[in-house]
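Chemist: Take this structure first; my questions come after.
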Amino acid sequence: ANQDIVYCLNAETGKEIWRHTYDCSAASYPGPRATPVIDEKLARIYTLSRDGQAFCLSATTGQVQWQRNLSQEMGAKPPRWGFAASPCLEGDSVIYNANTHGIALDKKTGKTVWASDKGTCGYATPVPFTLGRTRCVAVFGEKSVYAVALRTGKALWSYPWETKYDVNAADPVIAGDRMFISSGYGRGCALLQLTDSG
């Protein structure tokens, strides 16, 4: 109950190829909240546990290529029900919805590319998009959605969005120069026009 397991199964037979197990307290209910993400070119798998353990595994063997603890090493505070956003692969980085508006690590080495200020995050997976000439990632934080410059981690702008229990969990949807955000608990939704300044 206090362990997470990453399984690799044969898609045709269901036979287990490998598994990776690590300790993680169950908290309010057992198991991870975030789905694994695969980089087929590198043959690596990226996972994030509810308590902030980030793993990069070999897709062929399940062996750990690198690991970081975002909470212990970087002060990232999990939201009430634990980290739930899947890692986001973009360029040479893997981006996590952690701290106020994200943490980016080098996807090959796990070294820190940038980290936002310490704080509590939201539950939604970061979403890449282009704003003008700048490649960005939308990070739905605890109380705002942020447009973050992918290269530097600088928050270019934010839009306040408070939801009961701070459950900003639905991924932002971006189409052209517009961003749709939504959440439950009676909060509703909004369509934002994206510009360089806000």
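Labels for the structure tokens follow display order: chains A, B, ..., residues from 1 in each chain, ligands from 1.
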Near region 58-73 of chain A, within 9 Å and counting only C-alpha atoms, which residues show up once chain neighbours fewer than 2 positions away are dropped, as a PyMOL selection string?

Modeler: chain A and resi 6-8+17-20+38-40+42-45+51-56+75-78+98-99+103+108-111

Chemist: Could you write out, as a ChimeraX atom specification, all the residues of region 90-124 of chain A that DSSP marks as strand (DSSP E or B)?

Modeler: /A:90,93-96,103-106,112-115,120

Chemist: Where does DSSP see helix (DSSP H, G or I) in region 25-188 of chain A, if you list the residues as a list in words?

Modeler: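 Helix (DSSP H, G or I) members of region 25-188 of chain A, listed: Leu70, Ser71, Gln72, Glu73, Met74, Lys164, Tyr165 and Asp166 of chain A.
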
Chemist: If we count only C-alpha atoms and set the cut-off at 8 Å, which residues sit around region 162-177 of chain A, ignoring sequence neighbours fewer than 3 positions away in its own chain? Please answer as a list in words.

Modeler: Gly122, Tyr123, Ala124, Thr125, Pro126, Val127, Phe129, Leu131, Ala138, Phe140, Gly141, Glu142, Lys143, Ser144, Phe180, Ile181, Ser182, Ser183, Gly184, Tyr185, Arg187, Gln193, Leu194 and Thr195 of chain A

Chemist: Could you save the residues just selected, with N, CA, C and O atoms, as a CSV table (one decimal), in the first residue's frame?

Modeler:
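Dumped everything to again23.csv:
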chain,number,residue,atom,x,y,z
A,122,GLY,N,-0.9,23.5,-8.9
A,122,GLY,CA,-2.2,23.0,-9.2
A,122,GLY,C,-2.0,21.5,-9.6
A,122,GLY,O,-1.0,20.9,-9.4
A,123,TYR,N,-3.1,20.9,-10.2
A,123,TYR,CA,-3.1,19.5,-10.6
A,123,TYR,C,-3.0,19.2,-12.1
A,123,TYR,O,-2.9,18.1,-12.5
A,124,ALA,N,-3.0,20.3,-12.9
A,124,ALA,CA,-3.1,20.1,-14.3
A,124,ALA,C,-1.7,19.9,-15.0
A,124,ALA,O,-0.7,20.4,-14.5
A,125,THR,N,-1.6,19.1,-16.0
A,125,THR,CA,-0.4,18.9,-16.7
A,125,THR,C,0.0,20.2,-17.5
A,125,THR,O,-0.9,20.8,-18.1
A,126,PRO,N,1.2,20.6,-17.5
A,126,PRO,CA,1.7,21.8,-18.3
A,126,PRO,C,1.4,21.5,-19.8
A,126,PRO,O,1.5,20.4,-20.3
A,127,VAL,N,1.0,22.6,-20.5
A,127,VAL,CA,0.7,22.5,-21.9
A,127,VAL,C,1.6,23.5,-22.7
A,127,VAL,O,1.5,24.7,-22.5
A,129,PHE,N,2.9,25.8,-25.8
A,129,PHE,CA,2.3,26.7,-26.9
A,129,PHE,C,3.3,27.7,-27.3
A,129,PHE,O,4.3,28.0,-26.6
A,131,LEU,N,3.8,31.8,-28.1
A,131,LEU,CA,3.2,33.1,-27.9
A,131,LEU,C,4.1,34.1,-28.7
A,131,LEU,O,5.2,34.4,-28.2
A,138,ALA,N,1.9,26.5,-20.6
A,138,ALA,CA,0.8,27.0,-19.7
A,138,ALA,C,0.8,26.1,-18.5
A,138,ALA,O,0.7,24.9,-18.6
A,140,PHE,N,-1.1,25.6,-14.9
A,140,PHE,CA,-2.3,25.9,-14.1
A,140,PHE,C,-1.9,25.7,-12.7
A,140,PHE,O,-1.9,24.6,-12.2
A,141,GLY,N,-1.6,26.8,-12.0
A,141,GLY,CA,-1.2,26.8,-10.6
A,141,GLY,C,-2.3,26.7,-9.6
A,141,GLY,O,-3.5,26.5,-10.0
A,142,GLU,N,-1.9,26.9,-8.4
A,142,GLU,CA,-2.9,26.8,-7.3
A,142,GLU,C,-4.0,27.8,-7.4
A,142,GLU,O,-5.2,27.4,-7.2
A,143,LYS,N,-3.7,29.0,-7.7
A,143,LYS,CA,-4.7,30.1,-7.8
A,143,LYS,C,-4.7,30.9,-9.1
A,143,LYS,O,-5.4,31.9,-9.1
A,144,SER,N,-3.8,30.5,-10.0
A,144,SER,CA,-3.7,31.3,-11.3
A,144,SER,C,-3.3,30.3,-12.4
A,144,SER,O,-2.6,29.3,-12.1
A,180,PHE,N,-8.5,28.2,-23.2
A,180,PHE,CA,-9.7,27.9,-22.5
A,180,PHE,C,-9.3,27.2,-21.2
A,180,PHE,O,-8.6,26.3,-21.2
A,181,ILE,N,-9.8,27.7,-20.1
A,181,ILE,CA,-9.6,27.1,-18.8
A,181,ILE,C,-10.9,26.8,-18.1
A,181,ILE,O,-11.9,27.5,-18.4
A,182,SER,N,-10.9,25.8,-17.3
A,182,SER,CA,-12.1,25.4,-16.6
A,182,SER,C,-11.8,24.6,-15.3
A,182,SER,O,-10.7,24.1,-15.2
A,183,SER,N,-12.8,24.6,-14.4
A,183,SER,CA,-12.6,23.9,-13.2
A,183,SER,C,-14.0,23.6,-12.6
A,183,SER,O,-15.0,24.2,-13.0
A,184,GLY,N,-14.0,22.6,-11.7
A,184,GLY,CA,-15.3,22.2,-11.1
A,184,GLY,C,-15.7,23.0,-9.9
A,184,GLY,O,-15.3,24.2,-9.7
A,185,TYR,N,-16.5,22.4,-9.0
A,185,TYR,CA,-16.9,23.0,-7.8
A,185,TYR,C,-17.7,24.4,-8.0
A,185,TYR,O,-17.6,25.3,-7.3
A,187,ARG,N,-17.1,26.6,-10.3
A,187,ARG,CA,-16.3,27.7,-10.7
A,187,ARG,C,-16.6,28.1,-12.2
A,187,ARG,O,-16.7,29.3,-12.5
A,193,GLN,N,-7.9,35.6,-24.4
A,193,GLN,CA,-7.2,36.1,-25.6
A,193,GLN,C,-5.7,36.2,-25.2
A,193,GLN,O,-5.4,36.9,-24.3
A,194,LEU,N,-4.8,35.5,-25.9
A,194,LEU,CA,-3.4,35.5,-25.6
A,194,LEU,C,-2.7,36.6,-26.3
A,194,LEU,O,-2.8,36.8,-27.5
A,195,THR,N,-1.9,37.4,-25.6
A,195,THR,CA,-1.1,38.4,-26.2
A,195,THR,C,0.3,38.3,-25.5
A,195,THR,O,0.5,37.7,-24.5

Chemist: Please compute the CA of Ala149 (chain A)-CA of Thr120 (chain A) distance, one decimal, in Å.

Modeler: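 Atom-to-atom, CA of Ala149 (chain A) to CA of Thr120 (chain A), that is 19.4 Å.
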